[in-house]
There are 2 protein chains.
Amino acid sequence: MFQTFTATTRPDQGPPRLAALRAAMADAGVTGFLVPRADAHQGEYVAACDARLAWLTGFTGSAGFAAVLPDIAGVFIDGRYRLQVRSQTDGAAFTPVNWPESKLEDWLTDQVKGGGIIGYDPWLHTTADIDRLEAALTLRQILLRPMANLIDAIWDDQPDRPSAPAVAYPIALAGKTSDDKRAEIAAQLHAAGEAAAILTLPDSIAWLLNIRGGDLPHLPVVQAFAIIDSSGAVTLFTDPAKFTGLPPDPAVTLRHWDDFADDLAALSGPVRVDPATAPHQVRLILDGAGVTITDGDDPCILPKARKQPAEIAATRAAHLRDGAVMARFLHWFDIEAPKGNLTEIDVARALEGFRAETGALKDISFDTIAGAGPNGAIVHYRVTEATNARVIPGQLFLIDSGAQYEDGTTDITRTLAVGDVGATERAAFTQVLRGMIAIHLARFPKGLTGRDLDSLARAPLWAAGRDYDHGTGHGVGVYLSVHEGPQRISRAATTVLEPGMILSNEPGYYREGAFGIRIENLIVVDTAPPLPGGDDARAMLCFDTLTYAPIDRRLIDADQLSAVERGWLNAYHAQVAARIGPLVSGDTAGWLAQATAVI
Amino acid sequence: MFQTFTATTRPDQGPPRLAALRAAMADAGVTGFLVPRADAHQGEYVAACDARLAWLTGFTGSAGFAAVLPDIAGVFIDGRYRLQVRSQTDGAAFTPVNWPESKLEDWLTDQVKGGGIIGYDPWLHTTADIDRLEAALTLRQILLRPMANLIDAIWDDQPDRPSAPAVAYPIALAGKTSDDKRAEIAAQLHAAGEAAAILTLPDSIAWLLNIRGGDLPHLPVVQAFAIIDSSGAVTLFTDPAKFTGLPPDPAVTLRHWDDFADDLAALSGPVRVDPATAPHQVRLILDGAGVTITDGDDPCILPKARKQPAEIAATRAAHLRDGAVMARFLHWFDIEAPKGNLTEIDVARALEGFRAETGALKDISFDTIAGAGPNGAIVHYRVTEATNARVIPGQLFLIDSGAQYEDGTTDITRTLAVGDVGATERAAFTQVLRGMIAIHLARFPKGLTGRDLDSLARAPLWAAGRDYDHGTGHGVGVYLSVHEGPQRISRAATTVLEPGMILSNEPGYYREGAFGIRIENLIVVDTAPPLPGGDDARAMLCFDTLTYAPIDRRLIDADQLSAVERGWLNAYHAQVAARIGPLVSGDTAGWLAQATAVI
């Protein structure tokens, strides 16, 4: 099993560790110390050795940080984690702080009277974060001091850095050789007059070198830093032992983690560094060595987002495999759930089991969200043994899950009826579905960002006085991160949508204490085909569908659908039947035929 | 008649004036001189004395500028004016430049080899414009030099500055006293730690002081500059003679135009100046006197945009009066147009005549756009005697017009069938109508900008491969500017929509050389009423309708409308019948009943 449901921390572990940290702070001569959840690569997942926030506080959420002072230790958590932080941390030792409503700089100003020095590990914070914080705090006589990590100093049994073997990512799936990718990045640097760029995001490096790894849960990357110069040569800083199974690449020099600082200092500028993602330590080293820095986006991000035709083809195959898994799962759920004996963990385990039976499952792409009834309204709910709820007939069940296959990353949400559910749930489900269909059907001019489409998914809910407090869609990688930037469909989107970008399409509606609804398919931006009888020469884009799995027909109020919406739904289900039907066996095939019947 | 259709300039006037300007440039020791269309108040309309660009070049469009060098004189015009500039200017003397595709800085760099000095009148350019230009040109060894206006020096019969009487705007219409408005702005300045703000926009001043004037066509303002200090006291710089008909206001000091510079220099800072709208000369004076400047928005803009309930009530009355005008006009058009004898000018004249017959017409709010057939596809078409086309049966006719009444400013577009028109036109009209209805029906959470709604109006056109190259809506004042910021519905919108903001809702579709379609109503942002059976506590906003006039039913393909869309249309027409019917006489009332019948 890739997903665990047991607690990995205990609240009682926090106080002695906090005391040890405060002793280390006193020894180091600092008033406070910052403990972020992030590692040096700023990703969604961290290795065990980097789970410093969880080790110190017990809090295991996917975002947040602690600010430790002599008399108070604030744990800054966003709206998703208000309840979880209270159950995972010792309330006498740690004080939850609602973030981003309360800003760190304001909290420090309130707590640190008469000035002070706050230590931080400059590998774990980006330049953008430190610049913003320093600008606010300097006026308030609070200084930030970069220093060696005090948690690492007191964490006796801190695990080693992961060192899983790197593997080659086949050209048949990647669609473009690493040589060609490196030449493309080199040309980008050359045009910008930059001598090199620093890469600190493991999925950028994995994409660039056509490699994958096993250093992290759910994200198949090799942890590393890299320097790419304007000739396309790459120096990789990692544990070279990870590469013993791969043939050497003459354009890639393997160096050890510890060589990164020296090699940075030896560069001739201008060197591109992404202030939004690179560790602040990179800037400190380059500045210290007098190397000219240019602020700029990681040069791999956009080329990676524009998927190659081979990547799209590969991910289509992955999605059909996953569609067959979903059909088996949904069929099983329809039989088992109404009996009233299942728990959320049973359901998550069953789904992972169906995925494992494909023989192709490398990992799940994130911990499954399996929420029964009211738990479905908790947007980022992760079931544990402590919260595990029974699946009760008459309620909705929300399941959001995904797989990492070598040929693609999937992410799918379905909301399911357990027996008969009420008219309120059906009306809301139909509104969510109409929003999702609006994105599927969108045909739009080139040059738009996802911000310009976000409202199309919300308008049916808005009309009923409803909305959802998350974006409509995020970018998705191909056997890489299930949450990949920069493309997205949300009011925060700034990236122009381009053919080949993969996105989720997942509007929702959540009624606290009652039920949650979300329906999610993955889609890919494509050039819109000419319209029959079309008369306009505008170049338009559209979304192609990647995900094929039934949408629960029992939850749809067909009278609420327009003819066009109903047409989309029936055509989608016809495609599900045609593409997935041949991949499942008899009983499930029969179930699927019913589940995809015309409405 | 407020609208004229005769040419006010001749191409042959340009060359001698250009020669005189070049002589003045040589005398002043500059390589070039900039001649913008704008006056010191950066508005859409300029007084005759400020029509320097038209005087020099012959070009009378509403935007653009000339850059005059010894051997070439570029006239920079946007896409609307590519044809017009060629007919109005002498092609041997003036060179049209496509703007903003070609930037002034790049054009100057190409034309001025080896460096040079470009003179400009700092009253006529904003700080933002000059800063941007200087940043680009300094690197290219081209210097900008602020100087007295060289056009004024050579324009012998330049008209005097306008000096129409100022009139009080009744509190019953304004809804808020000038005292209260000044106290509100004073509090804003106080909170920002600013000693004063400089006001250079005449509609800000008109709003603040509850006055209107007659210095400009179509925009009932008093031309002036003003300083408001953090106590709420206002000093007004203008021709004091304009105010002899008004009782003195103890909080408003009247000064002469010529005193503005001295009074600016005598200020103690910090002084708020809006770099996007204030003449650069304001900054030069303040900088020269060592007065601290803070960049910030004109403090009147947002309070002016959030209309008072009394302003909304007043503008509703104005729109009903204008609705009755439109009913008479549309009835007349339906009788006369199919005979095939009307021209575009006849139609524009007739409409202005119906408006004048109300006895309440102060001015038209802009020159009527009256486009027959292919002329309807020219988005900002203004008919002249040279272009005047016949209204031909079988074609569409697009008419976009508005009125200035004391109680409100209107702006309405209707696209009309002249006899029987084709299926293509009807299909496109119905798509445009569906987009317009989507905005009318929009219910949306607080906190959105018009950018977040723009796509709702376009989606039906996008689905057919179509779009329009203008915003969906602009802000509108109350007996002020028909194009008022900062609220808008477009991809360029950044202002959060708030109750009381008036906007146009005007999607369109244009097929070059064939026809144009636009349908426009004015709407006002309001708090959305609770939904029947509503269950969600989110605070939502909606749009209330201001404009009531029939939408041509003959152009609607009812099969393309959803039940909700058809419901909106029929309810709208029922409201038109109920509100406008009682305001028109027998024949028109009968016509109106047919024109608003259920579809």
# chains A, B, ... in the order shown; residues from 1 in each chain; ligands from 1
>>> interface_residues(of="chain B", to="chain A", cutoff="8 Å", atoms="only C-alpha atoms", output="number ranges by chain")
B: 442-445, 451-456, 459, 462-467, 491, 531, 534-540, 562
>>> residues_around(residues="segment 90-107 of chain A", least_positions_apart="2", cutoff="8 Å", atoms="only C-alpha atoms", output="list in words")
Pro11, Asp12, Gly14, Pro15, Leu18, Thr57, Ile72, Ala73, Gly74, Val75, Phe76, Ile77, Asp78, Gly79, Arg82, Val85, Arg86, Gln88, Thr109, Asp110, Gln111, Leu133, Ala136 and Leu137 of chain A
>>> select_by_dssp(residues="segment 173-271 of chain A", states="helix (DSSP H, G or I)", output="compact mmCIF listing (two decimals) with C-alpha atoms, in the first residue's frame")
# COMPACT_ATOMS: atom_id res chain seq x y z
CA LEU A 173 7.03 8.51 -23.81
CA ALA A 174 8.99 11.77 -23.46
CA SER A 178 17.26 15.48 -23.48
CA ASP A 179 19.76 16.82 -26.04
CA ASP A 180 16.97 18.67 -27.82
CA LYS A 181 15.52 19.97 -24.55
CA ARG A 182 18.90 21.19 -23.38
CA ALA A 183 19.49 22.89 -26.73
CA GLU A 184 16.11 24.63 -26.38
CA ILE A 185 16.94 25.90 -22.89
CA ALA A 186 20.43 26.91 -24.02
CA ALA A 187 18.91 28.97 -26.84
CA GLN A 188 16.59 30.62 -24.31
CA LEU A 189 19.56 31.58 -22.11
CA HIS A 190 21.59 32.71 -25.09
CA ALA A 191 18.77 34.99 -26.28
CA PRO A 202 13.34 18.29 -9.21
CA ASP A 203 10.55 18.00 -11.77
CA SER A 204 12.30 20.55 -14.01
CA ILE A 205 15.46 18.44 -13.80
CA ALA A 206 13.55 15.19 -14.40
CA TRP A 207 11.92 16.68 -17.49
CA LEU A 208 15.17 18.16 -18.81
CA LEU A 209 17.24 15.00 -18.46
CA PRO A 240 26.05 10.37 -7.66
CA ALA A 241 25.32 6.85 -6.43
CA LYS A 242 21.76 7.30 -7.70
CA PHE A 243 23.13 7.24 -11.26
CA TRP A 257 25.46 17.87 -3.12
CA ASP A 258 28.36 19.36 -1.20
CA ASP A 259 29.96 20.73 -4.38
CA PHE A 260 26.96 22.95 -5.23
CA ALA A 261 28.06 25.96 -3.21
CA ASP A 262 31.62 25.98 -4.58
CA ASP A 263 30.44 25.54 -8.15
CA LEU A 264 27.91 28.35 -7.78
CA ALA A 265 30.61 30.67 -6.46
>>> closest_residue(among="B:Gln431, B:Thr126, B:Thr413, B:Ser163", to="Ile556 of chain B", atoms="only C-alpha atoms")
B:Gln431
>>> atom_distance(atom1="atom CA of Ala310 of chain B", atom2="atom CA of Ala360 of chain B")
18.6 Å
>>> select_by_dssp(residues="segment 448-518 of chain B", states="strand (DSSP E)", output="number ranges by chain")
B: 473-475, 484-489, 502-505, 508-511, 515-518
>>> residues_around(residues="Gly450 of chain A", least_positions_apart="6", cutoff="12 Å", atoms="only C-alpha atoms", output="number ranges by chain")
A: 439, 442, 444, 456-457, 471-475, 485-498, 501-505, 525, 543; B: 451-452, 455, 491
>>> write_last_selection(atoms="C-alpha atoms", output="CSV table (one decimal), in the first residue's frame")
chain,number,residue,atom,x,y,z
A,439,ILE,CA,-15.1,24.0,-19.3
A,442,ALA,CA,-15.2,25.8,-24.0
A,444,PHE,CA,-11.9,30.2,-26.9
A,456,LEU,CA,-17.6,29.7,-16.9
A,457,ALA,CA,-17.3,26.8,-14.5
A,471,GLY,CA,-9.5,27.0,-8.3
A,472,THR,CA,-11.3,25.2,-11.1
A,473,GLY,CA,-8.2,23.5,-12.3
A,474,HIS,CA,-4.5,22.9,-11.8
A,475,GLY,CA,-1.8,21.8,-14.2
A,485,GLY,CA,2.5,24.9,-12.8
A,486,PRO,CA,2.3,27.4,-14.3
A,487,GLN,CA,-1.0,26.7,-16.2
A,488,ARG,CA,-4.2,26.7,-14.1
A,489,ILE,CA,-7.8,27.6,-14.3
A,490,SER,CA,-8.4,30.1,-11.5
A,491,ARG,CA,-8.6,33.8,-10.7
A,492,ALA,CA,-4.9,33.6,-9.8
A,493,ALA,CA,-3.9,32.3,-13.3
A,494,THR,CA,-1.5,34.5,-15.3
A,495,THR,CA,-0.1,32.0,-17.8
A,496,VAL,CA,-1.5,32.0,-21.3
A,497,LEU,CA,-3.0,28.6,-22.2
A,498,GLU,CA,-1.2,26.8,-25.0
A,501,MET,CA,-1.0,21.9,-21.5
A,502,ILE,CA,-2.8,19.4,-19.2
A,503,LEU,CA,-5.2,20.7,-16.6
A,504,SER,CA,-7.8,19.4,-14.2
A,505,ASN,CA,-11.4,20.5,-14.5
A,525,VAL,CA,-5.5,22.2,-24.4
A,543,PHE,CA,-10.0,21.2,-24.4
B,451,ARG,CA,-12.5,40.7,-16.1
B,452,ASP,CA,-14.0,37.7,-14.3
B,455,SER,CA,-16.0,35.6,-20.8
B,491,ARG,CA,-9.9,41.5,-19.9
>>> atom_distance(atom1="atom CA of Gly513 of chain B", atom2="atom CA of Gly422 of chain B")
15.2 Å
>>> atom_distance(atom1="atom CA of Asp71 of chain A", atom2="atom CA of Pro16 of chain A")
14.3 Å
